[in-house]
file entry-v9.txt (compact mmCIF, C-alpha atoms)
# COMPACT_ATOMS: atom_id res chain seq x y z
CA MET J 1 -27.25 218.09 7.19
CA ILE J 2 -23.65 217.96 8.28
CA THR J 3 -22.56 221.02 10.23
CA GLU J 4 -19.21 220.21 11.86
CA THR J 5 -16.24 222.01 10.34
CA LYS J 6 -13.28 220.15 11.83
CA PRO J 7 -12.07 217.56 9.35
CA THR J 8 -11.68 214.02 10.56
CA THR J 9 -8.34 212.30 10.17
CA HIS J 10 -8.02 208.89 8.59
CA GLU J 11 -5.94 205.90 9.56
CA ILE J 12 -4.24 204.55 6.45
CA THR J 13 -1.90 201.66 5.80
CA VAL J 14 0.38 201.95 2.82
CA THR J 15 3.32 199.94 1.58
CA VAL J 16 6.16 202.18 0.43
CA ASN J 17 9.14 200.55 -1.25
CA GLY J 18 8.19 197.25 0.36
CA ALA J 19 7.81 198.57 3.92
CA GLU J 20 4.35 198.87 5.45
CA HIS J 21 3.42 202.10 7.25
CA SER J 22 0.34 202.92 9.30
CA LEU J 23 -0.29 206.64 9.58
CA GLU J 24 -2.97 209.06 10.57
CA VAL J 25 -3.54 211.66 7.87
CA GLU J 26 -5.75 214.64 7.24
CA PRO J 27 -7.62 214.14 3.93
CA ARG J 28 -5.98 217.18 2.33
CA LEU J 29 -2.45 215.85 2.88
CA LEU J 30 -0.94 215.32 -0.57
CA LEU J 31 0.84 212.06 -1.29
CA VAL J 32 4.08 213.92 -2.08
CA HIS J 33 4.05 215.51 1.39
CA LEU J 34 3.34 212.17 3.05
CA LEU J 35 6.40 210.76 1.32
CA ARG J 36 8.72 213.70 1.89
CA GLU J 37 7.68 215.00 5.28
CA LYS J 38 6.18 212.03 7.14
CA LEU J 39 8.39 209.28 5.71
CA GLY J 40 11.52 211.31 4.95
CA LEU J 41 11.67 210.09 1.35
CA THR J 42 12.90 213.30 -0.23
CA GLY J 43 13.85 211.71 -3.54
CA THR J 44 10.35 212.58 -4.74
CA HIS J 45 10.50 216.24 -5.74
CA VAL J 46 7.92 218.99 -5.85
CA GLY J 47 8.48 220.79 -9.13
CA CYS J 48 5.62 222.82 -10.58
CA ASP J 49 3.03 221.79 -7.96
CA THR J 50 0.42 222.15 -10.74
CA THR J 51 0.30 218.70 -12.41
CA SER J 52 2.51 219.80 -15.28
CA CYS J 53 6.13 218.76 -14.78
CA GLY J 54 6.29 215.14 -13.59
CA ALA J 55 9.07 215.70 -11.00
CA CYS J 56 6.82 214.26 -8.26
CA THR J 57 6.05 211.06 -10.19
CA VAL J 58 5.79 207.88 -8.11
CA LEU J 59 4.31 204.47 -8.89
CA VAL J 60 1.04 203.48 -7.21
CA ASP J 61 0.36 199.77 -7.76
CA GLY J 62 2.91 199.98 -10.57
CA ILE J 63 1.30 202.94 -12.37
CA PRO J 64 3.06 206.32 -12.69
CA ILE J 65 1.06 209.11 -11.09
CA LYS J 66 1.81 212.68 -10.05
CA SER J 67 2.04 212.62 -6.26
CA CYS J 68 1.39 216.38 -6.00
CA THR J 69 -2.05 215.68 -7.46
CA HIS J 70 -3.06 212.74 -5.31
CA PHE J 71 -4.20 212.67 -1.72
CA ALA J 72 -2.42 210.43 0.78
CA VAL J 73 -5.78 208.94 1.85
CA GLN J 74 -6.25 207.66 -1.68
CA VAL J 75 -3.32 205.22 -1.35
CA ASP J 76 -4.75 203.39 1.68
CA GLY J 77 -4.01 199.69 1.10
CA ARG J 78 -1.94 200.37 -1.99
CA GLU J 79 1.73 199.93 -2.88
CA VAL J 80 3.82 202.99 -3.59
CA LYS J 81 7.25 202.93 -5.17
CA THR J 82 9.52 205.98 -5.07
CA VAL J 83 12.96 206.50 -6.56
CA GLU J 84 14.45 205.21 -3.30
CA GLY J 85 12.84 201.85 -4.10
CA LEU J 86 14.54 201.50 -7.48
CA LYS J 87 17.90 200.38 -6.15
CA GLY J 88 18.44 196.87 -4.79
CA ALA J 89 21.84 195.75 -3.49
CA GLU J 90 23.30 197.74 -6.37
CA LEU J 91 22.11 200.64 -8.47
CA HIS J 92 19.31 199.76 -10.87
CA PRO J 93 20.46 199.57 -14.51
CA ILE J 94 18.29 202.62 -15.22
CA GLN J 95 20.23 204.58 -12.58
CA VAL J 96 23.51 203.36 -14.06
CA GLY J 97 22.28 204.39 -17.52
CA PHE J 98 21.55 207.93 -16.35
CA LYS J 99 25.04 208.06 -14.80
CA GLU J 100 26.85 206.59 -17.82
CA GLU J 101 25.05 208.72 -20.43
CA HIS J 102 24.95 211.92 -18.36
CA GLY J 103 21.14 211.81 -18.36
CA LEU J 104 21.00 214.55 -15.77
CA GLN J 105 22.53 217.87 -14.91
CA CYS J 106 20.73 219.34 -11.91
CA GLY J 107 18.92 216.06 -11.25
CA PHE J 108 15.63 217.57 -10.18
CA CYS J 109 13.53 215.75 -12.80
CA THR J 110 15.56 212.52 -12.64
CA PRO J 111 13.49 210.55 -10.07
CA GLY J 112 10.34 210.98 -12.18
CA MET J 113 12.20 210.24 -15.41
CA MET J 114 13.61 206.99 -13.99
CA LEU J 115 10.34 205.74 -12.52
CA VAL J 116 8.48 206.33 -15.78
CA THR J 117 11.36 204.62 -17.60
CA SER J 118 11.06 201.58 -15.32
CA VAL J 119 7.42 201.11 -16.35
CA LEU J 120 8.18 201.76 -20.03
CA LEU J 121 10.92 199.11 -20.11
CA GLU J 122 8.73 196.58 -18.33
CA GLU J 123 6.05 197.01 -21.00
CA ASN J 124 8.44 197.50 -23.89
CA PRO J 125 12.01 196.22 -23.36
CA ASP J 126 13.22 197.53 -26.71
CA PRO J 127 11.58 200.91 -27.32
CA THR J 128 12.37 203.11 -30.30
CA GLU J 129 13.60 206.65 -29.70
CA GLU J 130 10.12 207.93 -30.55
CA GLU J 131 8.51 205.57 -28.05
CA ILE J 132 10.93 206.74 -25.35
CA ARG J 133 10.21 210.41 -26.05
CA TRP J 134 6.46 209.71 -26.11
CA ALA J 135 6.59 207.82 -22.79
CA LEU J 136 8.57 210.62 -21.13
CA SER J 137 6.50 213.45 -22.59
CA GLY J 138 4.84 214.09 -19.22
CA ASN J 139 8.21 214.73 -17.56
CA ILE J 140 9.89 218.06 -18.08
CA CYS J 141 13.67 218.55 -17.95
CA ARG J 142 15.05 222.08 -18.17
CA CYS J 143 18.75 221.12 -18.35
CA THR J 144 19.57 218.35 -20.76
CA GLY J 145 17.52 219.05 -23.86
CA TYR J 146 16.42 215.40 -23.40
CA GLN J 147 19.05 213.96 -25.74
CA ASN J 148 21.08 212.34 -22.98
CA ILE J 149 17.95 211.19 -21.18
CA VAL J 150 16.95 209.28 -24.31
CA LYS J 151 20.48 207.82 -24.48
CA ALA J 152 20.29 206.84 -20.80
CA VAL J 153 17.04 204.98 -21.37
CA GLN J 154 18.53 203.26 -24.43
CA TRP J 155 21.59 202.28 -22.37
CA ALA J 156 19.37 200.82 -19.65
CA ALA J 157 17.15 199.00 -22.15
CA LYS J 158 20.14 197.43 -23.85
CA ASN J 159 21.80 196.34 -20.61
CA MET J 160 18.57 195.03 -19.13
CA ARG J 161 17.87 192.99 -22.28
CA GLU J 162 21.40 191.56 -22.27
CA SER J 163 21.23 190.55 -18.62
CA ALA J 164 17.69 189.17 -18.86
CA MET L 165 -0.11 224.36 -2.13
CA TYR L 166 -2.73 222.84 0.13
CA PRO L 167 -6.42 222.67 -0.56
CA ALA L 168 -8.87 223.81 2.10
CA SER L 169 -9.90 221.11 4.58
CA PHE L 170 -12.53 218.62 3.54
CA ASP L 171 -14.12 215.38 4.65
CA TYR L 172 -13.15 212.32 2.66
CA PHE L 173 -15.21 209.23 1.89
CA ALA L 174 -14.22 206.17 -0.11
CA PRO L 175 -17.43 204.16 -0.52
CA THR L 176 -17.40 200.76 -2.19
CA THR L 177 -20.89 200.90 -3.67
CA LEU L 178 -22.70 203.45 -5.79
CA ASP L 179 -25.66 203.52 -3.40
CA GLU L 180 -23.36 204.38 -0.52
CA ALA L 181 -21.73 207.14 -2.60
CA LEU L 182 -25.13 208.61 -3.46
CA GLU L 183 -26.22 208.46 0.17
CA ILE L 184 -23.10 210.43 1.23
CA LEU L 185 -23.64 213.02 -1.53
CA GLY L 186 -27.20 213.47 -0.24
CA ARG L 187 -25.95 214.36 3.24
CA TYR L 188 -24.43 217.61 2.01
CA ASP L 189 -26.02 220.82 0.89
CA GLU L 190 -26.06 221.66 -2.78
CA GLY L 191 -22.61 221.76 -4.31
CA GLU L 192 -20.75 221.10 -1.06
CA ALA L 193 -19.66 217.57 -1.90
CA LYS L 194 -17.76 216.68 -5.06
CA VAL L 195 -17.13 213.35 -6.73
CA LEU L 196 -13.45 212.37 -7.04
CA ALA L 197 -12.49 210.05 -9.91
CA GLY L 198 -9.09 210.69 -11.51
CA GLY L 199 -8.80 214.05 -9.79
CA MET L 200 -6.71 215.48 -12.61
CA SER L 201 -8.86 218.61 -12.81
CA LEU L 202 -10.53 218.65 -9.39
CA ILE L 203 -7.38 218.40 -7.26
CA PRO L 204 -5.54 221.21 -9.11
CA VAL L 205 -8.52 223.57 -8.75
CA MET L 206 -8.75 222.65 -5.06
CA LYS L 207 -5.04 223.35 -4.57
CA LEU L 208 -5.46 226.72 -6.26
CA ARG L 209 -8.48 227.31 -3.97
CA PHE L 210 -10.75 227.88 -6.95
CA ALA L 211 -12.83 225.12 -5.39
CA ALA L 212 -13.21 224.29 -1.71
CA PRO L 213 -15.73 221.46 -1.38
CA ARG L 214 -16.74 220.41 2.12
CA ALA L 215 -16.40 216.77 1.15
CA LEU L 216 -14.96 214.49 -1.49
CA VAL L 217 -16.65 211.24 -2.42
CA ASP L 218 -13.89 209.09 -3.93
CA ILE L 219 -15.51 206.62 -6.35
CA ASN L 220 -12.28 204.78 -7.21
CA ARG L 221 -13.12 201.82 -4.96
CA ILE L 222 -16.56 201.25 -6.45
CA GLY L 223 -16.77 198.16 -8.66
CA GLY L 224 -18.48 198.02 -12.05
CA LEU L 225 -17.51 201.46 -13.31
CA GLU L 226 -14.64 200.29 -15.51
CA THR L 227 -16.66 199.00 -18.45
CA LEU L 228 -15.37 199.84 -21.92
CA ALA L 229 -17.47 197.68 -24.22
CA GLU L 230 -19.85 197.61 -27.15
CA GLU L 231 -23.21 196.23 -26.07
CA GLY L 232 -26.71 196.37 -27.51
CA GLY L 233 -25.97 198.85 -30.28
CA GLN L 234 -23.94 201.25 -28.20
CA LEU L 235 -20.48 201.80 -26.82
CA ARG L 236 -20.38 202.12 -23.03
CA ILE L 237 -17.59 203.95 -21.20
CA GLY L 238 -17.82 203.66 -17.41
CA ALA L 239 -17.01 206.42 -14.95
CA LEU L 240 -13.63 204.93 -14.05
CA VAL L 241 -12.36 204.32 -17.59
CA ARG L 242 -9.04 206.18 -17.81
CA HIS L 243 -7.75 208.03 -20.86
CA LYS L 244 -4.92 205.48 -20.99
CA THR L 245 -7.38 202.60 -21.37
CA CYS L 246 -9.00 204.41 -24.30
CA GLU L 247 -5.59 205.09 -25.82
CA GLN L 248 -4.82 201.35 -25.81
CA SER L 249 -8.27 200.07 -26.78
CA ASP L 250 -8.73 198.29 -30.12
CA LEU L 251 -12.43 199.09 -29.88
CA LEU L 252 -11.87 202.82 -30.34
CA LYS L 253 -10.82 202.59 -33.97
CA GLY L 254 -12.66 202.73 -37.28
CA LYS L 255 -16.23 203.85 -36.60
CA TYR L 256 -15.21 205.07 -33.14
CA GLY L 257 -11.99 206.61 -34.50
CA ALA L 258 -12.80 210.07 -33.14
CA LEU L 259 -12.51 208.64 -29.62
CA GLY L 260 -9.40 206.59 -30.29
CA ASP L 261 -7.63 209.52 -31.96
CA ALA L 262 -8.51 211.90 -29.12
CA ALA L 263 -7.33 209.70 -26.24
CA PRO L 264 -3.54 210.01 -26.75
CA GLN L 265 -3.89 213.78 -27.18
CA ILE L 266 -5.34 214.33 -23.71
CA SER L 267 -2.81 216.07 -21.45
CA ASP L 268 0.34 213.94 -20.88
CA PRO L 269 0.98 210.20 -20.32
CA ILE L 270 1.06 210.40 -16.51
CA VAL L 271 -2.19 212.36 -16.31
CA ARG L 272 -3.77 209.86 -18.74
CA ASN L 273 -3.03 207.05 -16.28
CA LEU L 274 -5.57 208.48 -13.82
CA GLY L 275 -7.82 210.97 -15.61
CA THR L 276 -11.20 209.69 -16.79
CA VAL L 277 -13.39 210.35 -19.83
CA VAL L 278 -16.51 210.80 -17.71
CA GLY L 279 -14.71 213.08 -15.25
CA SER L 280 -13.66 215.30 -18.14
CA LEU L 281 -17.29 215.59 -19.28
CA ALA L 282 -18.62 216.30 -15.78
CA HIS L 283 -15.92 218.94 -15.20
CA ALA L 284 -17.02 220.69 -18.43
CA ASP L 285 -13.88 222.71 -19.00
CA PRO L 286 -14.48 224.44 -22.38
CA GLN L 287 -10.88 223.48 -23.20
CA GLY L 288 -11.68 219.81 -22.58
CA ASP L 289 -11.19 217.53 -25.56
CA TRP L 290 -13.66 214.74 -24.76
CA ALA L 291 -16.75 216.94 -24.82
CA SER L 292 -16.10 217.87 -28.48
CA VAL L 293 -15.64 214.22 -29.35
CA MET L 294 -18.87 213.31 -27.57
CA LEU L 295 -20.77 216.10 -29.35
CA ALA L 296 -19.52 214.81 -32.70
CA VAL L 297 -20.57 211.21 -31.98
CA ARG L 298 -23.83 212.34 -30.30
CA ALA L 299 -23.20 210.62 -27.00
CA GLU L 300 -25.33 210.74 -23.88
CA VAL L 301 -24.36 210.42 -20.25
CA VAL L 302 -26.10 208.31 -17.63
CA ALA L 303 -26.64 210.15 -14.35
CA ARG L 304 -27.63 208.24 -11.23
CA ALA L 305 -29.27 209.74 -8.17
CA ASN L 306 -30.89 208.18 -5.15
CA GLY L 307 -34.27 208.41 -6.85
CA GLY L 308 -33.18 206.68 -10.05
CA GLU L 309 -31.36 207.14 -13.29
CA ARG L 310 -31.68 209.43 -16.31
CA THR L 311 -29.82 209.87 -19.56
CA ILE L 312 -28.73 213.32 -20.67
CA PRO L 313 -27.79 214.05 -24.30
CA ILE L 314 -24.35 215.65 -24.42
CA ASP L 315 -25.76 218.86 -25.96
CA GLU L 316 -27.96 219.31 -22.87
CA LEU L 317 -25.21 218.36 -20.42
CA LEU L 318 -22.91 221.21 -21.42
CA GLN L 319 -24.39 224.47 -20.17
CA GLY L 320 -21.37 226.77 -20.04
CA PRO L 321 -17.83 227.01 -18.72
CA PHE L 322 -17.47 224.43 -15.92
CA THR L 323 -21.26 224.23 -15.81
CA THR L 324 -23.42 221.20 -16.56
CA SER L 325 -27.07 220.28 -16.18
CA LEU L 326 -26.15 217.65 -13.56
CA GLU L 327 -27.86 217.91 -10.19
CA PRO L 328 -25.51 218.09 -7.19
CA ASN L 329 -26.76 214.73 -5.90
CA GLU L 330 -26.13 212.94 -9.22
CA ILE L 331 -23.16 210.83 -10.24
CA VAL L 332 -22.42 210.17 -13.91
CA THR L 333 -21.97 206.41 -14.12
CA GLU L 334 -21.15 206.15 -17.81
CA VAL L 335 -21.20 207.77 -21.21
CA ARG L 336 -22.91 205.97 -24.10
CA VAL L 337 -22.08 206.37 -27.76
CA PRO L 338 -24.65 205.11 -30.30
CA ASP L 339 -23.27 202.62 -32.84
CA PRO L 340 -22.88 204.73 -36.00
CA GLY L 341 -22.82 201.70 -38.31
CA ALA L 342 -19.93 200.07 -40.13
CA ARG L 343 -19.54 202.83 -42.72
CA ALA L 344 -18.62 205.51 -40.24
CA GLY L 345 -15.39 207.10 -39.19
CA GLY L 346 -13.96 210.08 -37.44
CA THR L 347 -10.96 211.74 -35.92
CA TYR L 348 -9.89 214.42 -33.48
CA LEU L 349 -7.33 217.04 -34.40
CA LYS L 350 -5.78 219.31 -31.81
CA LEU L 351 -3.40 222.21 -32.10
CA GLU L 352 -1.36 222.53 -28.91
CA ARG L 353 1.80 224.41 -28.03
CA LYS L 354 3.33 221.50 -26.15
CA VAL L 355 2.40 218.15 -24.62
CA GLY L 356 0.04 218.69 -21.71
CA ASP L 357 -1.18 222.10 -22.80
CA PHE L 358 -4.83 222.77 -23.42
CA ALA L 359 -5.93 223.05 -27.04
CA THR L 360 -5.25 226.29 -28.88
CA ALA L 361 -8.01 224.88 -31.06
CA GLY L 362 -9.41 221.39 -31.53
CA VAL L 363 -11.90 219.79 -33.90
CA ALA L 364 -13.76 216.50 -33.57
CA VAL L 365 -15.14 215.08 -36.79
CA HIS L 366 -17.42 212.09 -37.15
CA VAL L 367 -19.18 210.99 -40.33
CA SER L 368 -21.62 208.17 -41.14
CA MET L 369 -21.68 207.32 -44.84
CA SER L 370 -24.42 205.72 -46.91
CA ASN L 371 -24.06 204.88 -50.63
CA GLY L 372 -21.05 207.15 -51.00
CA THR L 373 -22.63 210.21 -49.44
CA VAL L 374 -22.76 211.60 -45.95
CA GLU L 375 -25.76 210.33 -44.02
CA ARG L 376 -24.93 212.24 -40.86
CA ALA L 377 -22.00 214.39 -39.84
CA GLY L 378 -20.84 215.47 -36.41
CA ILE L 379 -18.41 218.39 -36.04
CA ALA L 380 -17.53 220.00 -32.71
CA LEU L 381 -14.95 222.54 -31.61
CA THR L 382 -12.64 222.81 -28.58
CA GLY L 383 -11.13 225.87 -26.96
CA VAL L 384 -12.94 228.45 -29.07
CA GLY L 385 -15.90 229.39 -26.93
CA PRO L 386 -17.44 229.37 -23.46
CA THR L 387 -18.20 225.69 -23.94
CA ASN L 388 -17.47 223.06 -26.56
CA ILE L 389 -19.38 224.09 -29.67
CA ARG L 390 -21.37 221.98 -32.11
CA ALA L 391 -20.82 223.39 -35.61
CA GLU L 392 -24.36 222.68 -36.72
CA ALA L 393 -24.36 224.54 -40.03
CA ALA L 394 -21.17 222.72 -41.02
CA GLU L 395 -22.78 219.38 -40.17
CA GLN L 396 -25.83 220.21 -42.29
CA ALA L 397 -23.73 221.38 -45.21
CA LEU L 398 -22.28 217.86 -45.48
CA ALA L 399 -25.54 215.93 -45.31
CA GLY L 400 -26.28 214.11 -48.55
CA GLN L 401 -22.97 215.19 -50.10
CA ALA L 402 -19.99 213.12 -51.17
CA LEU L 403 -16.84 214.00 -49.23
CA ASP L 404 -15.43 216.02 -52.13
CA ASP L 405 -13.41 219.21 -52.03
CA ALA L 406 -16.32 221.65 -52.41
CA PRO L 407 -18.49 220.34 -49.53
CA ILE L 408 -15.38 219.93 -47.34
CA ASP L 409 -14.36 223.55 -48.02
CA ALA L 410 -17.90 224.78 -47.35
CA ALA L 411 -18.17 222.83 -44.07
CA SER L 412 -14.74 224.01 -42.94
CA ARG L 413 -15.68 227.66 -43.51
CA LEU L 414 -18.96 227.16 -41.65
CA ALA L 415 -17.12 225.51 -38.73
CA ALA L 416 -14.78 228.51 -38.54
CA GLU L 417 -17.82 230.80 -38.51
CA ALA L 418 -19.33 228.82 -35.62
CA ALA L 419 -16.20 229.33 -33.50
CA GLN L 420 -16.22 232.13 -30.91
CA PRO L 421 -12.51 232.36 -30.13
CA ARG L 422 -10.89 235.01 -27.96
CA THR L 423 -7.40 236.35 -28.32
CA ASP L 424 -5.14 235.07 -25.53
CA VAL L 425 -1.60 233.72 -24.97
CA ARG L 426 -2.33 230.79 -27.28
CA GLY L 427 -3.16 232.95 -30.28
CA THR L 428 -5.32 235.65 -31.78
CA GLU L 429 -8.98 235.29 -32.56
CA GLU L 430 -8.21 235.28 -36.28
CA TYR L 431 -5.51 232.63 -35.92
CA LYS L 432 -7.73 230.30 -33.92
CA ARG L 433 -10.63 230.72 -36.34
CA ASN L 434 -8.36 229.82 -39.23
CA ALA L 435 -7.01 226.85 -37.27
CA ILE L 436 -10.58 225.57 -36.88
CA ARG L 437 -11.11 225.85 -40.65
CA VAL L 438 -7.88 224.00 -41.43
CA LEU L 439 -8.39 221.28 -38.81
CA THR L 440 -11.97 220.65 -39.96
CA ALA L 441 -10.86 220.21 -43.56
CA ARG L 442 -7.99 217.92 -42.52
CA GLY L 443 -10.29 215.83 -40.38
CA LEU L 444 -12.85 215.37 -43.13
CA ARG L 445 -10.16 214.50 -45.68
CA LYS L 446 -8.74 211.91 -43.29
CA VAL L 447 -12.16 210.28 -42.93
CA LYS L 448 -12.57 210.32 -46.71
CA GLU L 449 -9.20 208.62 -47.23
CA GLU L 450 -10.09 205.91 -44.76
CA HIS L 451 -13.29 205.23 -46.67
CA SER L 452 -11.90 205.18 -50.18
call {"tool": "encode", "arguments": {"input": "entry-v9.txt", "output": "structure tokens"}}
result
Amino acid sequence: MITETKPTTHEITVTVNGAEHSLEVEPRLLLVHLLREKLGLTGTHVGCDTTSCGACTVLVDGIPIKSCTHFAVQVDGREVKTVEGLKGAELHPIQVGFKEEHGLQCGFCTPGMMLVTSVLLEENPDPTEEEIRWALSGNICRCTGYQNIVKAVQWAAKNMRESA
Amino acid sequence: MYPASFDYFAPTTLDEALEILGRYDEGEAKVLAGGMSLIPVMKLRFAAPRALVDINRIGGLETLAEEGGQLRIGALVRHKTCEQSDLLKGKYGALGDAAPQISDPIVRNLGTVVGSLAHADPQGDWASVMLAVRAEVVARANGGERTIPIDELLQGPFTTSLEPNEIVTEVRVPDPGARAGGTYLKLERKVGDFATAGVAVHVSMSNGTVERAGIALTGVGPTNIRAEAAEQALAGQALDDAPIDAASRLAAEAAQPRTDVRGTEEYKRNAIRVLTARGLRKVKEEHS
């Protein structure tokens, strides 16, 4: 039987927004804290801390997950994308859409909203309003009443289709 | 919030995972699949396992297929995969209708059907569905494998008949035949909330009458409840108004709801009656 109480740390290698990082982590370190505190990527927000609000959403191998409910050790060898990875040389059309349509007020939920939107528009470049609301139903916004978020996604979808 | 410290293992084979589980005393090591229930309870310090055995890197647990007269759902099949599956329609409609009602879209990307069953939250939706379709789970231990009918798996709130050294590798649903159908109806306050009340309905028809019915209830008792009297009331009957009304009343009687923030006992009991009737009428419409 195992008797030691001191947890072992793990060496992990993870690609975040295209850059590879090797880090030593305690198993209980949450992915959101790895991103914010070890890598300084504070665009990923801690909202409810209870798997309810979606503010901490990041993409792991292209799939939206809640980084407050994922351990950093779990992403060993995987690719993580945070809101900082959305922008290239210029703002991503989704970011421009949120700016143009006032899709944010306080901005706390915005990183999660935009990352989920990026996956939605990849799978479905021309979503209906219902499809947009359904896709974003795991992300809570307490400012906008969602109307302008929907418009921002529609703006981005339209512009991305036109430039495709 | 941080969970208590734990050791972490990410084995790549089931045998390795079982060997690691066996190294720990009873209940000290937990299996991590989607983590959508386990990680929150660890963060809240309701659970403080000494070790996590992460099964996400084990191959062969992602099967979602119909084979040899049964539907097989592997331990790493996510809710999202079920939501998008063409297989979970028609005779397996109770499963397909339940999938998009589990929590929210981001949780569905990671959470698993099997994990939900092993966690045995009485508010869990999948256990009701599996009761209605009379599923069984396959549990593997170092010594071998056994199948556990869903009724025997669920022992109480967050309590199953699984041994601490067992891993559920899949859930199996018997093929109910072509003339079968079902649905899952859930009353929730908002996306991502647990059910105020939920009802899974599954019916196999033969010559215009009910051959076998499965009805199970979510969120109205210490575990998911099979509404056995309601099931029996439908056997041999056509899905007409009178048998549907009788079964719905019996389902409401089988519920053991408690008044809480989601509603009063009376309200929840009535919700069970209404949802049962709606579910049965939906199945009837699909078969007429």
call {"tool": "residues_around", "arguments": {"input": "entry-v9.txt", "residues": "Thr15 of chain J", "least_positions_apart": "5", "cutoff": "10 Å", "atoms": "all atoms listed in the file", "output": "NGL selection string"}}
result
:J and (20-22 or 60-61 or 75-81)
call {"tool": "residues_around", "arguments": {"input": "entry-v9.txt", "residues": "Leu35 of chain J", "least_positions_apart": "2", "cutoff": "12 Å", "atoms": "all atoms listed in the file", "output": "CSV table (one decimal) with C-alpha atoms, in the frame of the given file"}}
result
chain,number,residue,atom,x,y,z
J,14,VAL,CA,0.4,202.0,2.8
J,15,THR,CA,3.3,199.9,1.6
J,16,VAL,CA,6.2,202.2,0.4
J,17,ASN,CA,9.1,200.6,-1.2
J,21,HIS,CA,3.4,202.1,7.2
J,23,LEU,CA,-0.3,206.6,9.6
J,25,VAL,CA,-3.5,211.7,7.9
J,29,LEU,CA,-2.4,215.8,2.9
J,30,LEU,CA,-0.9,215.3,-0.6
J,31,LEU,CA,0.8,212.1,-1.3
J,32,VAL,CA,4.1,213.9,-2.1
J,33,HIS,CA,4.0,215.5,1.4
J,37,GLU,CA,7.7,215.0,5.3
J,38,LYS,CA,6.2,212.0,7.1
J,39,LEU,CA,8.4,209.3,5.7
J,40,GLY,CA,11.5,211.3,5.0
J,41,LEU,CA,11.7,210.1,1.4
J,42,THR,CA,12.9,213.3,-0.2
J,43,GLY,CA,13.8,211.7,-3.5
J,44,THR,CA,10.4,212.6,-4.7
J,45,HIS,CA,10.5,216.2,-5.7
J,46,VAL,CA,7.9,219.0,-5.8
J,56,CYS,CA,6.8,214.3,-8.3
J,57,THR,CA,6.0,211.1,-10.2
J,58,VAL,CA,5.8,207.9,-8.1
J,67,SER,CA,2.0,212.6,-6.3
J,68,CYS,CA,1.4,216.4,-6.0
J,70,HIS,CA,-3.1,212.7,-5.3
J,71,PHE,CA,-4.2,212.7,-1.7
J,72,ALA,CA,-2.4,210.4,0.8
J,75,VAL,CA,-3.3,205.2,-1.4
J,80,VAL,CA,3.8,203.0,-3.6
J,81,LYS,CA,7.2,202.9,-5.2
J,82,THR,CA,9.5,206.0,-5.1
J,83,VAL,CA,13.0,206.5,-6.6
J,84,GLU,CA,14.4,205.2,-3.3
call {"tool": "closest_residue", "arguments": {"input": "entry-v9.txt", "among": "J:Cys143, J:Leu121, J:Ile63, J:Val150", "to": "Pro93 of chain J", "atoms": "all atoms listed in the file"}}
result
J:Leu121
call {"tool": "residues_around", "arguments": {"input": "entry-v9.txt", "residues": "Ser267 of chain L", "least_positions_apart": "3", "cutoff": "8 Å", "atoms": "only C-alpha atoms", "output": "PyMOL selection string"}}
result
chain L and resi 271-272+355-358
call {"tool": "closest_residue", "arguments": {"input": "entry-v9.txt", "among": "J:Asp126, J:Ser52, J:Gln74, J:Ser118", "to": "Thr13 of chain J", "atoms": "only C-alpha atoms"}}
result
J:Gln74
call {"tool": "closest_residue", "arguments": {"input": "entry-v9.txt", "among": "L:Gly254, L:Ile270, L:Ala193, L:Ala229", "to": "chain J", "atoms": "all atoms listed in the file"}}
result
L:Ile270
call {"tool": "interface_residues", "arguments": {"input": "entry-v9.txt", "of": "chain L", "to": "chain J", "cutoff": "10 Å", "atoms": "all atoms listed in the file", "output": "CSV table (one decimal) with C-alpha atoms, in the frame of the given file"}}
result
chain,number,residue,atom,x,y,z
L,165,MET,CA,-0.1,224.4,-2.1
L,166,TYR,CA,-2.7,222.8,0.1
L,167,PRO,CA,-6.4,222.7,-0.6
L,168,ALA,CA,-8.9,223.8,2.1
L,169,SER,CA,-9.9,221.1,4.6
L,170,PHE,CA,-12.5,218.6,3.5
L,171,ASP,CA,-14.1,215.4,4.6
L,172,TYR,CA,-13.2,212.3,2.7
L,173,PHE,CA,-15.2,209.2,1.9
L,174,ALA,CA,-14.2,206.2,-0.1
L,186,GLY,CA,-27.2,213.5,-0.2
L,187,ARG,CA,-26.0,214.4,3.2
L,188,TYR,CA,-24.4,217.6,2.0
L,189,ASP,CA,-26.0,220.8,0.9
L,198,GLY,CA,-9.1,210.7,-11.5
L,199,GLY,CA,-8.8,214.0,-9.8
L,200,MET,CA,-6.7,215.5,-12.6
L,201,SER,CA,-8.9,218.6,-12.8
L,202,LEU,CA,-10.5,218.6,-9.4
L,203,ILE,CA,-7.4,218.4,-7.3
L,204,PRO,CA,-5.5,221.2,-9.1
L,205,VAL,CA,-8.5,223.6,-8.8
L,206,MET,CA,-8.8,222.6,-5.1
L,207,LYS,CA,-5.0,223.4,-4.6
L,208,LEU,CA,-5.5,226.7,-6.3
L,214,ARG,CA,-16.7,220.4,2.1
L,215,ALA,CA,-16.4,216.8,1.2
L,216,LEU,CA,-15.0,214.5,-1.5
L,218,ASP,CA,-13.9,209.1,-3.9
L,220,ASN,CA,-12.3,204.8,-7.2
L,221,ARG,CA,-13.1,201.8,-5.0
L,267,SER,CA,-2.8,216.1,-21.4
L,268,ASP,CA,0.3,213.9,-20.9
L,269,PRO,CA,1.0,210.2,-20.3
L,270,ILE,CA,1.1,210.4,-16.5
L,271,VAL,CA,-2.2,212.4,-16.3
L,272,ARG,CA,-3.8,209.9,-18.7
L,273,ASN,CA,-3.0,207.0,-16.3
L,274,LEU,CA,-5.6,208.5,-13.8
L,354,LYS,CA,3.3,221.5,-26.2
L,355,VAL,CA,2.4,218.2,-24.6
L,356,GLY,CA,0.0,218.7,-21.7
L,357,ASP,CA,-1.2,222.1,-22.8
